[in-house]
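data_22.txt follows; it contains compact mmCIF, C-alpha atoms.
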# COMPACT_ATOMS: atom_id res chain seq x y z
CA MET A 1 139.25 -48.40 -138.32
CA ALA A 2 141.81 -47.65 -140.99
CA ILE A 3 142.42 -43.98 -141.69
CA ASN A 4 142.53 -43.02 -145.34
CA ALA A 5 144.87 -40.13 -146.07
CA VAL A 6 143.54 -39.47 -149.59
CA VAL A 7 140.46 -37.37 -150.29
CA THR A 8 138.32 -38.73 -153.09
CA ASP A 9 136.62 -36.59 -155.74
CA ALA A 10 133.29 -37.60 -154.24
CA GLN A 11 134.32 -36.30 -150.82
CA GLU A 12 135.51 -33.00 -152.23
CA SER A 13 132.31 -32.67 -154.23
CA LYS A 14 130.27 -33.44 -151.14
CA ARG A 15 131.99 -30.70 -149.17
CA ALA A 16 131.50 -28.20 -151.98
CA LYS A 17 127.81 -29.07 -152.25
CA ALA A 18 127.34 -28.77 -148.49
CA GLY A 19 128.89 -25.33 -148.53
CA ALA A 20 126.86 -24.22 -151.54
CA ASP A 21 123.43 -25.25 -150.28
CA ALA A 22 121.79 -22.21 -148.76
CA GLY A 23 120.62 -22.92 -145.27
CA ALA A 24 122.30 -26.32 -145.23
CA GLU A 25 123.58 -27.55 -141.91
CA GLU A 26 127.33 -27.05 -141.47
CA VAL A 27 129.32 -30.11 -142.47
CA HIS A 28 132.77 -30.51 -140.95
CA TYR A 29 135.40 -32.71 -142.59
CA ASP A 30 138.47 -33.96 -140.80
CA MET A 31 141.79 -34.13 -142.65
CA ASN A 32 141.01 -37.66 -143.84
CA GLY A 33 137.82 -36.55 -145.61
CA LYS A 34 135.47 -38.08 -143.05
CA VAL A 35 132.40 -36.19 -141.92
CA PHE A 36 132.89 -35.15 -138.29
CA THR A 37 130.11 -35.91 -135.81
CA GLU A 38 129.87 -33.46 -132.93
CA VAL A 39 129.52 -34.65 -129.34
CA ASP A 40 125.90 -35.28 -128.35
CA PHE A 41 126.30 -37.05 -125.01
CA THR A 42 126.64 -35.74 -121.47
CA MET A 43 129.27 -36.54 -118.88
CA LYS A 44 126.51 -37.96 -116.68
CA GLN A 45 125.76 -40.52 -119.38
CA ILE A 46 129.45 -41.46 -119.46
CA TYR A 47 129.65 -41.92 -115.69
CA ASP A 48 126.37 -43.84 -115.56
CA ALA A 49 127.55 -46.27 -118.25
CA ILE A 50 130.74 -47.30 -116.43
CA PRO A 51 130.47 -50.16 -113.90
CA GLN A 52 130.87 -48.77 -110.40
CA HIS A 53 133.80 -50.99 -109.41
CA CYS A 54 135.90 -49.34 -112.15
CA PHE A 55 135.98 -46.14 -110.07
CA HIS A 56 137.73 -47.84 -107.13
CA PRO A 57 141.45 -48.56 -107.57
CA SER A 58 143.06 -51.29 -105.49
CA MET A 59 146.25 -50.19 -103.77
CA LEU A 60 147.48 -53.78 -103.43
CA ARG A 61 146.82 -54.56 -107.08
CA SER A 62 148.54 -51.36 -108.17
CA LEU A 63 151.54 -52.05 -105.94
CA GLY A 64 151.65 -55.52 -107.46
CA TYR A 65 152.21 -53.99 -110.89
CA VAL A 66 154.97 -51.79 -109.46
CA ALA A 67 156.64 -54.88 -107.99
CA ARG A 68 156.22 -56.73 -111.28
CA ASP A 69 157.80 -53.95 -113.33
CA PHE A 70 160.75 -53.53 -110.96
CA LEU A 71 161.25 -57.30 -110.87
CA LEU A 72 161.33 -57.31 -114.66
CA MET A 73 163.75 -54.37 -114.64
CA GLY A 74 166.05 -56.15 -112.19
CA SER A 75 165.92 -59.39 -114.17
CA LEU A 76 167.02 -57.56 -117.30
CA VAL A 77 169.91 -55.93 -115.45
CA TYR A 78 170.95 -59.33 -114.07
CA ALA A 79 170.77 -60.86 -117.55
CA THR A 80 173.37 -58.37 -118.81
CA SER A 81 175.98 -60.03 -116.59
CA TYR A 82 176.02 -62.90 -119.11
CA ILE A 83 176.58 -60.70 -122.18
CA GLN A 84 180.37 -60.81 -121.64
CA TYR A 85 180.32 -64.54 -122.34
CA LEU A 86 178.87 -64.19 -125.83
CA PRO A 87 181.33 -65.35 -128.50
CA SER A 88 181.65 -62.23 -130.66
CA ALA A 89 181.52 -58.44 -130.50
CA VAL A 90 178.57 -58.45 -132.89
CA ALA A 91 176.61 -60.75 -130.59
CA ARG A 92 177.47 -58.63 -127.56
CA PHE A 93 176.44 -55.45 -129.38
CA ALA A 94 173.14 -57.07 -130.40
CA ALA A 95 172.50 -58.22 -126.82
CA TRP A 96 173.14 -54.76 -125.37
CA THR A 97 170.91 -53.22 -128.03
CA LEU A 98 168.13 -55.65 -127.18
CA TYR A 99 168.57 -54.85 -123.49
CA THR A 100 168.30 -51.08 -123.97
CA VAL A 101 165.19 -51.40 -126.15
CA VAL A 102 163.34 -53.76 -123.81
CA GLN A 103 164.49 -51.98 -120.65
CA GLY A 104 163.36 -48.69 -122.19
CA MET A 105 159.88 -50.19 -122.53
CA VAL A 106 159.93 -51.43 -118.93
CA PHE A 107 161.04 -47.96 -117.76
CA THR A 108 158.16 -46.48 -119.77
CA GLY A 109 155.74 -48.78 -117.99
CA ILE A 110 157.10 -47.50 -114.66
CA TRP A 111 156.58 -43.94 -115.91
CA ILE A 112 152.99 -44.82 -116.74
CA LEU A 113 152.40 -46.20 -113.24
CA GLY A 114 153.62 -42.84 -111.91
CA HIS A 115 151.13 -41.24 -114.30
CA GLU A 116 148.40 -43.32 -112.63
CA CYS A 117 149.50 -41.87 -109.29
CA GLY A 118 149.28 -38.33 -110.65
CA HIS A 119 145.64 -38.88 -111.55
CA GLY A 120 144.65 -40.56 -108.30
CA ALA A 121 144.08 -43.83 -110.18
CA PHE A 122 146.72 -45.79 -108.24
CA SER A 123 144.88 -45.95 -104.94
CA GLU A 124 142.14 -44.18 -103.03
CA SER A 125 144.75 -42.63 -100.72
CA LYS A 126 146.13 -39.26 -101.79
CA ALA A 127 149.20 -39.79 -99.60
CA VAL A 128 149.94 -43.14 -101.26
CA ASN A 129 149.42 -41.67 -104.73
CA HIS A 130 151.78 -38.79 -104.04
CA SER A 131 154.44 -40.90 -102.29
CA VAL A 132 154.55 -43.68 -104.87
CA GLY A 133 154.29 -41.24 -107.77
CA LEU A 134 157.17 -39.18 -106.40
CA PHE A 135 159.32 -42.29 -106.09
CA LEU A 136 158.50 -43.70 -109.55
CA HIS A 137 158.85 -40.46 -111.48
CA SER A 138 161.96 -39.31 -109.62
CA PHE A 139 163.55 -42.64 -110.56
CA LEU A 140 163.05 -41.55 -114.19
CA LEU A 141 164.16 -37.93 -113.60
CA VAL A 142 160.64 -36.52 -113.79
CA PRO A 143 159.63 -33.78 -111.30
CA PHE A 144 156.48 -35.58 -110.20
CA HIS A 145 154.48 -32.80 -108.58
CA ALA A 146 155.40 -30.22 -111.21
CA TRP A 147 154.41 -32.63 -113.96
CA ARG A 148 151.23 -33.60 -112.06
CA LEU A 149 150.12 -29.98 -111.81
CA SER A 150 150.86 -29.01 -115.41
CA HIS A 151 149.36 -32.28 -116.67
CA SER A 152 146.17 -31.46 -114.78
CA LYS A 153 145.95 -28.22 -116.78
CA HIS A 154 146.27 -30.28 -119.95
CA HIS A 155 143.33 -32.47 -118.93
CA LYS A 156 141.22 -29.45 -118.04
CA ALA A 157 141.71 -27.83 -121.46
CA THR A 158 142.41 -30.65 -123.93
CA GLY A 159 141.84 -29.57 -127.52
CA ASN A 160 141.32 -25.92 -126.55
CA MET A 161 143.28 -23.66 -128.89
CA GLU A 162 143.52 -20.88 -126.31
CA ARG A 163 143.97 -22.75 -123.00
CA GLU A 164 145.71 -26.06 -123.80
CA VAL A 165 149.27 -26.30 -122.44
CA VAL A 166 150.80 -29.00 -124.66
CA PHE A 167 150.55 -30.13 -128.28
CA VAL A 168 148.92 -26.88 -129.31
CA PRO A 169 148.80 -26.93 -133.13
CA HIS A 170 149.95 -24.07 -135.31
CA THR A 171 147.45 -21.98 -137.18
CA ARG A 172 148.23 -21.67 -140.89
CA GLU A 173 149.61 -18.18 -140.30
CA SER A 174 151.84 -19.15 -137.36
CA PHE A 175 153.06 -22.26 -139.20
CA LEU A 176 154.17 -20.30 -142.25
CA LYS A 177 155.72 -17.52 -140.20
CA THR A 178 157.66 -20.06 -138.15
CA LYS A 179 158.92 -21.75 -141.31
CA PHE A 180 159.44 -18.77 -143.63
CA GLY A 181 159.65 -15.69 -141.41
CA GLU A 182 157.38 -12.97 -140.06
CA HIS A 183 156.52 -11.59 -143.50
CA ALA A 184 155.14 -14.85 -144.87
CA ASP A 185 151.62 -14.31 -146.24
CA PRO A 186 149.38 -17.38 -145.81
CA ARG A 187 147.32 -16.33 -148.85
CA HIS A 188 150.21 -16.87 -151.25
CA SER A 189 149.98 -20.19 -153.07
CA GLU A 190 153.71 -20.61 -153.75
CA PHE A 191 154.21 -22.01 -150.25
CA ALA A 192 152.44 -25.21 -151.26
CA GLU A 193 155.56 -26.53 -153.01
CA MET A 194 157.91 -25.42 -150.25
CA VAL A 195 156.38 -26.63 -147.00
CA GLN A 196 156.95 -30.38 -147.10
CA ASP A 197 160.41 -31.40 -145.99
CA ALA A 198 162.50 -33.96 -147.83
CA PRO A 199 162.31 -37.38 -146.11
CA ILE A 200 165.85 -37.05 -144.76
CA VAL A 201 164.98 -33.68 -143.20
CA SER A 202 161.79 -35.13 -141.75
CA MET A 203 163.78 -38.00 -140.28
CA TYR A 204 166.20 -35.58 -138.64
CA LYS A 205 163.35 -33.49 -137.19
CA LEU A 206 161.63 -36.63 -135.96
CA PHE A 207 164.84 -37.76 -134.23
CA ILE A 208 165.16 -34.40 -132.45
CA HIS A 209 161.47 -34.51 -131.54
CA GLN A 210 161.70 -38.00 -130.10
CA VAL A 211 164.96 -37.71 -128.18
CA PHE A 212 164.72 -34.15 -126.89
CA GLY A 213 160.98 -33.42 -126.95
CA TRP A 214 160.30 -34.59 -123.40
CA PRO A 215 163.16 -32.67 -121.69
CA ALA A 216 162.35 -29.66 -123.89
CA TYR A 217 158.80 -29.71 -122.51
CA LEU A 218 160.04 -30.00 -118.92
CA PHE A 219 162.62 -27.22 -119.27
CA ALA A 220 161.05 -24.84 -121.79
CA ALA A 221 157.32 -25.64 -122.23
CA VAL A 222 157.97 -26.63 -125.85
CA SER A 223 154.78 -27.53 -127.80
CA GLY A 224 152.70 -25.32 -125.52
CA PRO A 225 151.38 -21.80 -126.09
CA SER A 226 153.54 -18.68 -126.01
CA TYR A 227 153.86 -17.32 -122.47
CA ASP A 228 154.74 -13.71 -121.73
CA VAL A 229 157.22 -14.62 -119.00
CA PRO A 230 161.03 -14.90 -118.89
CA PHE A 231 162.45 -18.12 -120.31
CA TYR A 232 163.71 -19.42 -116.95
CA LYS A 233 160.18 -19.39 -115.53
CA LEU A 234 158.87 -21.81 -118.16
CA ASN A 235 160.49 -24.92 -116.70
CA HIS A 236 158.98 -27.47 -114.35
CA PHE A 237 161.65 -26.86 -111.71
CA TYR A 238 160.93 -23.18 -111.10
CA PHE A 239 159.18 -22.83 -107.74
CA GLY A 240 158.41 -19.12 -107.89
CA GLU A 241 154.78 -18.03 -107.76
CA ASP A 242 154.78 -16.11 -111.06
CA GLY A 243 155.34 -18.92 -113.56
CA PRO A 244 152.68 -20.13 -116.02
CA TYR A 245 151.97 -23.46 -114.34
CA PHE A 246 152.05 -23.08 -110.57
CA GLY A 247 150.60 -20.85 -107.88
CA PRO A 248 151.57 -19.99 -104.29
CA LYS A 249 150.01 -23.14 -102.88
CA ASP A 250 152.18 -25.31 -105.14
CA THR A 251 155.60 -24.06 -104.03
CA ARG A 252 156.13 -26.75 -101.38
CA HIS A 253 155.34 -29.52 -103.86
CA ILE A 254 157.67 -28.11 -106.51
CA ILE A 255 160.52 -27.94 -103.97
CA ILE A 256 159.84 -31.55 -102.90
CA SER A 257 160.03 -32.65 -106.55
CA ASP A 258 163.27 -30.73 -107.07
CA VAL A 259 164.86 -32.28 -103.98
CA ALA A 260 163.80 -35.77 -105.07
CA MET A 261 165.25 -35.14 -108.51
CA ALA A 262 168.53 -33.94 -107.01
CA ALA A 263 168.68 -37.07 -104.84
CA MET A 264 168.16 -39.29 -107.89
CA ILE A 265 170.88 -37.48 -109.83
CA TYR A 266 173.27 -37.98 -106.91
CA GLY A 267 172.22 -41.63 -106.74
CA LEU A 268 173.05 -42.03 -110.44
CA TYR A 269 176.45 -40.47 -109.80
CA LEU A 270 177.12 -43.03 -107.06
CA PHE A 271 175.82 -45.77 -109.34
CA GLY A 272 178.28 -44.68 -112.01
CA GLN A 273 181.10 -44.68 -109.47
CA ALA A 274 180.19 -48.20 -108.41
CA VAL A 275 179.71 -49.90 -111.80
CA GLY A 276 181.63 -47.57 -114.10
CA HIS A 277 180.18 -44.65 -115.99
CA TRP A 278 179.98 -46.50 -119.32
CA ASN A 279 178.07 -49.36 -117.69
CA ALA A 280 175.76 -46.82 -116.03
CA ILE A 281 175.03 -45.30 -119.44
CA LEU A 282 174.23 -48.72 -120.89
CA LEU A 283 172.17 -49.90 -117.93
CA TYR A 284 170.26 -46.66 -117.23
CA GLY A 285 171.15 -43.83 -119.61
CA ILE A 286 170.16 -45.32 -122.96
CA PRO A 287 166.93 -46.90 -121.60
CA TYR A 288 166.13 -43.46 -120.15
CA LEU A 289 166.45 -41.97 -123.64
CA MET A 290 164.09 -44.68 -124.86
CA VAL A 291 161.56 -43.48 -122.29
CA ASN A 292 161.82 -40.00 -123.80
CA HIS A 293 161.08 -41.51 -127.21
CA TRP A 294 158.08 -43.53 -126.09
CA ILE A 295 156.49 -40.83 -123.95
CA VAL A 296 156.71 -38.28 -126.76
CA ALA A 297 155.53 -40.76 -129.39
CA ILE A 298 152.58 -41.93 -127.31
CA THR A 299 151.38 -38.51 -126.22
CA TYR A 300 151.97 -36.87 -129.59
CA LEU A 301 149.91 -39.54 -131.37
CA GLN A 302 147.16 -39.32 -128.76
CA HIS A 303 146.60 -35.66 -129.62
CA SER A 304 147.87 -35.15 -133.16
CA ASP A 305 145.97 -36.92 -135.91
CA GLY A 306 144.02 -35.99 -139.00
CA ALA A 307 140.83 -37.35 -137.44
CA LEU A 308 140.96 -35.14 -134.34
CA PRO A 309 139.22 -31.78 -133.83
CA HIS A 310 140.43 -28.77 -131.91
CA TYR A 311 138.19 -26.00 -130.62
CA HIS A 312 138.29 -22.30 -130.00
CA ASP A 313 137.45 -21.45 -126.40
CA ASN A 314 134.00 -20.02 -127.20
CA VAL A 315 132.69 -23.42 -128.42
CA TRP A 316 134.86 -25.75 -126.31
CA THR A 317 133.38 -27.94 -123.56
CA PHE A 318 135.05 -30.55 -121.39
CA ALA A 319 133.30 -33.41 -123.20
CA LYS A 320 134.34 -32.06 -126.60
CA GLY A 321 137.95 -31.68 -125.50
CA ALA A 322 138.08 -35.08 -123.82
CA THR A 323 136.96 -36.78 -127.04
CA ALA A 324 139.55 -34.87 -129.10
CA THR A 325 141.94 -37.78 -128.66
CA ILE A 326 142.34 -41.18 -130.24
CA ASP A 327 142.81 -44.81 -129.24
CA ARG A 328 145.37 -46.98 -131.00
CA ASP A 329 146.62 -50.55 -130.66
CA PHE A 330 150.19 -51.52 -129.79
CA GLY A 331 149.50 -55.19 -129.17
CA PHE A 332 151.23 -57.04 -126.35
CA ILE A 333 153.59 -54.15 -125.60
CA GLY A 334 150.74 -51.67 -125.29
CA ARG A 335 148.58 -53.84 -123.06
CA HIS A 336 151.21 -55.45 -120.83
CA LEU A 337 154.25 -53.18 -120.73
CA PHE A 338 152.59 -49.81 -121.36
CA HIS A 339 149.54 -50.61 -119.19
CA SER A 340 146.99 -49.87 -121.95
CA ILE A 341 147.73 -46.14 -122.05
CA ILE A 342 147.63 -46.31 -125.85
CA GLU A 343 144.54 -48.48 -126.22
CA THR A 344 142.19 -46.65 -123.81
CA HIS A 345 143.21 -43.00 -123.91
CA VAL A 346 139.78 -41.67 -124.87
CA LEU A 347 138.36 -43.13 -121.66
CA HIS A 348 141.31 -41.70 -119.73
CA HIS A 349 140.46 -38.16 -120.82
CA LEU A 350 136.80 -38.56 -120.00
CA VAL A 351 137.41 -40.15 -116.56
CA SER A 352 141.08 -39.99 -115.59
CA THR A 353 140.70 -41.62 -112.16
CA ILE A 354 139.90 -45.10 -113.52
CA PRO A 355 142.91 -47.45 -113.06
CA PHE A 356 144.37 -48.99 -116.18
CA TYR A 357 143.39 -52.54 -115.22
CA TYR A 358 139.71 -51.55 -115.51
CA SER A 359 140.20 -49.36 -118.57
CA HIS A 360 139.22 -51.90 -121.23
CA GLU A 361 136.01 -52.75 -119.43
CA ALA A 362 135.16 -49.09 -118.95
CA SER A 363 136.08 -48.24 -122.56
CA ALA A 364 133.72 -50.87 -123.87
CA ALA A 365 130.95 -49.33 -121.77
CA ILE A 366 131.44 -45.73 -122.92
CA LYS A 367 131.71 -46.61 -126.61
CA LYS A 368 127.99 -47.43 -126.53
CA VAL A 369 127.29 -43.90 -125.28
CA MET A 370 129.76 -42.06 -127.49
CA GLY A 371 128.70 -43.61 -130.79
CA PRO A 372 130.48 -41.94 -133.74
CA SER A 373 132.20 -39.45 -131.40
CA TYR A 374 134.58 -42.23 -130.37
CA ILE A 375 137.73 -42.09 -132.51
CA ALA A 376 140.20 -44.93 -132.94
CA ASP A 377 142.80 -46.11 -135.43
CA THR A 378 143.68 -49.69 -134.57
CA ASP A 379 145.01 -50.63 -138.01
CA THR A 380 147.92 -48.24 -138.53
CA ASN A 381 151.23 -49.25 -136.99
CA LEU A 382 152.22 -46.84 -134.23
CA LEU A 383 155.54 -45.85 -135.80
CA VAL A 384 153.99 -45.54 -139.26
CA ALA A 385 151.38 -43.19 -137.77
CA LEU A 386 154.14 -41.19 -136.09
CA TRP A 387 155.95 -40.67 -139.39
CA ARG A 388 152.74 -39.88 -141.30
CA ASN A 389 151.30 -37.43 -138.78
CA GLN A 390 154.59 -35.65 -138.19
CA ARG A 391 154.71 -34.85 -141.92
CA ASN A 392 151.03 -34.19 -142.62
CA CYS A 393 149.56 -32.55 -139.49
CA MET A 394 151.02 -29.11 -140.20
CA PHE A 395 148.44 -26.70 -138.82
CA ALA A 396 144.83 -26.55 -137.66
CA GLU A 397 142.14 -24.34 -139.09
CA GLU A 398 138.37 -24.10 -139.15
CA SER A 399 136.80 -26.39 -141.72
CA VAL A 400 133.80 -24.03 -141.71
CA LYS A 401 134.73 -20.41 -141.14
CA GLY A 402 133.43 -19.02 -137.86
CA SER A 403 132.47 -22.44 -136.47
CA GLY A 404 135.25 -22.59 -133.88
CA ILE A 405 135.96 -26.23 -134.85
CA LEU A 406 139.39 -26.83 -136.35
CA PHE A 407 141.08 -29.77 -138.04
CA TYR A 408 144.59 -30.48 -139.17
CA ARG A 409 145.45 -29.48 -142.70
CA ASN A 410 148.58 -29.20 -144.85
CA LEU A 411 149.59 -27.47 -148.06
CA HIS A 412 151.14 -30.38 -149.95
CA GLY A 413 147.99 -32.21 -150.99
CA LYS A 414 147.67 -34.91 -148.35
CA GLY A 415 144.08 -35.31 -147.21
CA MET A 416 141.39 -32.66 -147.19
CA PRO A 417 142.60 -29.38 -148.71
CA PRO A 418 142.70 -26.28 -146.49
CA ARG A 419 139.89 -23.75 -146.70
CA PRO A 420 140.56 -21.10 -149.39
CA LEU A 421 141.60 -17.81 -147.79
CA THR A 422 140.20 -14.45 -148.78
CA ALA A 423 141.42 -10.89 -148.26
CA ALA A 424 139.32 -10.78 -145.08
CA ASP A 425 141.28 -13.65 -143.48
Would you write the structure of this file as structure tokens?
Amino acid sequence: MAINAVVTDAQESKRAKAGADAGAEEVHYDMNGKVFTEVDFTMKQIYDAIPQHCFHPSMLRSLGYVARDFLLMGSLVYATSYIQYLPSAVARFAAWTLYTVVQGMVFTGIWILGHECGHGAFSESKAVNHSVGLFLHSFLLVPFHAWRLSHSKHHKATGNMEREVVFVPHTRESFLKTKFGEHADPRHSEFAEMVQDAPIVSMYKLFIHQVFGWPAYLFAAVSGPSYDVPFYKLNHFYFGEDGPYFGPKDTRHIIISDVAMAAMIYGLYLFGQAVGHWNAILLYGIPYLMVNHWIVAITYLQHSDGALPHYHDNVWTFAKGATATIDRDFGFIGRHLFHSIIETHVLHHLVSTIPFYYSHEASAAIKKVMGPSYIADTDTNLLVALWRNQRNCMFAEESVKGSGILFYRNLHGKGMPPRPLTAAD
């Protein structure tokens, strides 16, 4: 469905009438002006609807995709040996650019296969999942076990304003205080003309978000809640028992991830010594930065959209949180290079152990159960959505005061207007 970012007069009138009718049932509007339908299915219904074979990953089939992606990666590296024979500097520059873009997508697909391992969707063997996942993610400088453990917390509290660990939206108050200082009063209307950045500023912020967002999450828990712990304990490499992500039983796994990461870094150093550091940057470094871009873009758009709800802890349930995400369509790249992580993410949050090669079949089955609770935007280009949402999804607040159900809003007139604040707020 296409998502309309403009609220019509009829929609605004409908919301006002719903609020004015005494005894009327609460009506929630997302940022796009669409009436929100609350979850009315059970997880048992979801599991019963999915064909049983979808719950059983094939180790050989999964390994086949690993082999395919590494073969594709190697073929691209081999192809670069012919770039020197191109007739002009412009042609060589274009060829290297094409290589880094395509290789970045292949690297992202390898990251996603490691993601499958972290969820137990790669094989039915925990040892295989952990071993392959450690190899794949270490290759891309990701601390596999640390990521696996913090990512599990994300899945257990998706959309929960108090317990979620990543992509936690601002409240209106925290947004304004972050932007204008601690004394900013969210009830003052003059902020409406000051909050939206100029396009050039938005582009700069988007660049920083896309290039540095992933390492910032790994090293500093950026986009998560505020933790009352020293800064150095927020990273995914800290193996002490008093950090926000890991407990005593996790120490061994964190150390294993750190050692694997150190080995990969040393391997990259040797690679640079062998082929030259500039060639190493072209062959590995720039595609690695492309992985950062794609992982942040994909995950941000899965959890930040005007159609998506968030919940306070007192009304949150697993089913509500799992449906607080959205499916999109990235065509051939999404289905074949990114292993359908974009197209079937709603299913992934409901049942994360289903392998990606069964995800379309399982998604089709659960849509019949979910009805209007299933959210998708298959019309908007992925990068257009990234630009739009980064500018418009400013903060989340209750559409009906006291309901515990929040939606994205902004103060510059895009989509449904925020709820008027009173002296009691």
Inset, instruction - For CA of Lys34 in chain A and CA of Ala49 in chain A, determine how far apart the two atoms are, in Å to one decimal place. - result: 27.3 Å
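Straight-line separation from CA of His209 in chain A to CA of Leu382 in chain A: 15.6 Å.
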Give me, as a PDB file with C-alpha atoms, in the frame of the given file, all polymer residues having an atom no more than 7 Å from range 404-413 of chain A, counting only C-alpha atoms and skipping those fewer than 2 positions away in the same chain.
ATOM      1  CA  ASP A  30     138.470 -33.960-140.800  1.00  0.00           C
ATOM      2  CA  MET A  31     141.790 -34.130-142.650  1.00  0.00           C
ATOM      3  CA  ALA A 192     152.440 -25.210-151.260  1.00  0.00           C
ATOM      4  CA  GLU A 193     155.560 -26.530-153.010  1.00  0.00           C
ATOM      5  CA  VAL A 195     156.380 -26.630-147.000  1.00  0.00           C
ATOM      6  CA  GLN A 196     156.950 -30.380-147.100  1.00  0.00           C
ATOM      7  CA  GLY A 306     144.020 -35.990-139.000  1.00  0.00           C
ATOM      8  CA  LEU A 308     140.960 -35.140-134.340  1.00  0.00           C
ATOM      9  CA  PRO A 309     139.220 -31.780-133.830  1.00  0.00           C
ATOM     10  CA  HIS A 310     140.430 -28.770-131.910  1.00  0.00           C
ATOM     11  CA  TYR A 311     138.190 -26.000-130.620  1.00  0.00           C
ATOM     12  CA  HIS A 312     138.290 -22.300-130.000  1.00  0.00           C
ATOM     13  CA  VAL A 315     132.690 -23.420-128.420  1.00  0.00           C
ATOM     14  CA  ASN A 392     151.030 -34.190-142.620  1.00  0.00           C
ATOM     15  CA  CYS A 393     149.560 -32.550-139.490  1.00  0.00           C
ATOM     16  CA  MET A 394     151.020 -29.110-140.200  1.00  0.00           C
ATOM     17  CA  PHE A 395     148.440 -26.700-138.820  1.00  0.00           C
ATOM     18  CA  ALA A 396     144.830 -26.550-137.660  1.00  0.00           C
ATOM     19  CA  GLU A 397     142.140 -24.340-139.090  1.00  0.00           C
ATOM     20  CA  GLU A 398     138.370 -24.100-139.150  1.00  0.00           C
ATOM     21  CA  SER A 399     136.800 -26.390-141.720  1.00  0.00           C
ATOM     22  CA  GLY A 402     133.430 -19.020-137.860  1.00  0.00           C
ATOM     23  CA  GLY A 415     144.080 -35.310-147.210  1.00  0.00           C
ATOM     24  CA  MET A 416     141.390 -32.660-147.190  1.00  0.00           C
ATOM     25  CA  PRO A 417     142.600 -29.380-148.710  1.00  0.00           C
ATOM     26  CA  PRO A 418     142.700 -26.280-146.490  1.00  0.00           C
TER      27      PRO A 418
END
I'd like the neighbourhood of Tyr82 in chain A as a CSV table (one decimal) with C-alpha atoms, in the coordinates of the input, where a residue qualifies if any of its atoms comes within 12 Å (using all atoms listed in the file), though same-chain residues fewer than 6 positions away should be ignored.
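So the final result, stored in selection_23.csv, reads:
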chain,number,residue,atom,x,y,z
A,75,SER,CA,165.9,-59.4,-114.2
A,76,LEU,CA,167.0,-57.6,-117.3
A,91,ALA,CA,176.6,-60.8,-130.6
A,92,ARG,CA,177.5,-58.6,-127.6
A,95,ALA,CA,172.5,-58.2,-126.8
A,96,TRP,CA,173.1,-54.8,-125.4
A,99,TYR,CA,168.6,-54.8,-123.5
Legend entry - Polymer residues at most 10 Å from range 316-333 of chain A, all atoms listed in the file, same-chain spacing of 6 or more positions, as number ranges by chain: A: 1, 38-43, 46, 102, 105-106, 109, 155-162, 164, 298-299, 301-305, 307-310, 339-351, 370, 373-383, 385, 404-405
Store the residues picked out above in a file with C-alpha atoms, as a tab-separated table (two decimals), keeping the file's coordinate frame.
chain	number	residue	atom	x	y	z
A	1	MET	CA	139.25	-48.40	-138.32
A	38	GLU	CA	129.87	-33.46	-132.93
A	39	VAL	CA	129.52	-34.65	-129.34
A	40	ASP	CA	125.90	-35.28	-128.35
A	41	PHE	CA	126.30	-37.05	-125.01
A	42	THR	CA	126.64	-35.74	-121.47
A	43	MET	CA	129.27	-36.54	-118.88
A	46	ILE	CA	129.45	-41.46	-119.46
A	102	VAL	CA	163.34	-53.76	-123.81
A	105	MET	CA	159.88	-50.19	-122.53
A	106	VAL	CA	159.93	-51.43	-118.93
A	109	GLY	CA	155.74	-48.78	-117.99
A	155	HIS	CA	143.33	-32.47	-118.93
A	156	LYS	CA	141.22	-29.45	-118.04
A	157	ALA	CA	141.71	-27.83	-121.46
A	158	THR	CA	142.41	-30.65	-123.93
A	159	GLY	CA	141.84	-29.57	-127.52
A	160	ASN	CA	141.32	-25.92	-126.55
A	161	MET	CA	143.28	-23.66	-128.89
A	162	GLU	CA	143.52	-20.88	-126.31
A	164	GLU	CA	145.71	-26.06	-123.80
A	298	ILE	CA	152.58	-41.93	-127.31
A	299	THR	CA	151.38	-38.51	-126.22
A	301	LEU	CA	149.91	-39.54	-131.37
A	302	GLN	CA	147.16	-39.32	-128.76
A	303	HIS	CA	146.60	-35.66	-129.62
A	304	SER	CA	147.87	-35.15	-133.16
A	305	ASP	CA	145.97	-36.92	-135.91
A	307	ALA	CA	140.83	-37.35	-137.44
A	308	LEU	CA	140.96	-35.14	-134.34
A	309	PRO	CA	139.22	-31.78	-133.83
A	310	HIS	CA	140.43	-28.77	-131.91
A	339	HIS	CA	149.54	-50.61	-119.19
A	340	SER	CA	146.99	-49.87	-121.95
A	341	ILE	CA	147.73	-46.14	-122.05
A	342	ILE	CA	147.63	-46.31	-125.85
A	343	GLU	CA	144.54	-48.48	-126.22
A	344	THR	CA	142.19	-46.65	-123.81
A	345	HIS	CA	143.21	-43.00	-123.91
A	346	VAL	CA	139.78	-41.67	-124.87
A	347	LEU	CA	138.36	-43.13	-121.66
A	348	HIS	CA	141.31	-41.70	-119.73
A	349	HIS	CA	140.46	-38.16	-120.82
A	350	LEU	CA	136.80	-38.56	-120.00
A	351	VAL	CA	137.41	-40.15	-116.56
A	370	MET	CA	129.76	-42.06	-127.49
A	373	SER	CA	132.20	-39.45	-131.40
A	374	TYR	CA	134.58	-42.23	-130.37
A	375	ILE	CA	137.73	-42.09	-132.51
A	376	ALA	CA	140.20	-44.93	-132.94
A	377	ASP	CA	142.80	-46.11	-135.43
A	378	THR	CA	143.68	-49.69	-134.57
A	379	ASP	CA	145.01	-50.63	-138.01
A	380	THR	CA	147.92	-48.24	-138.53
A	381	ASN	CA	151.23	-49.25	-136.99
A	382	LEU	CA	152.22	-46.84	-134.23
A	383	LEU	CA	155.54	-45.85	-135.80
A	385	ALA	CA	151.38	-43.19	-137.77
A	404	GLY	CA	135.25	-22.59	-133.88
A	405	ILE	CA	135.96	-26.23	-134.85
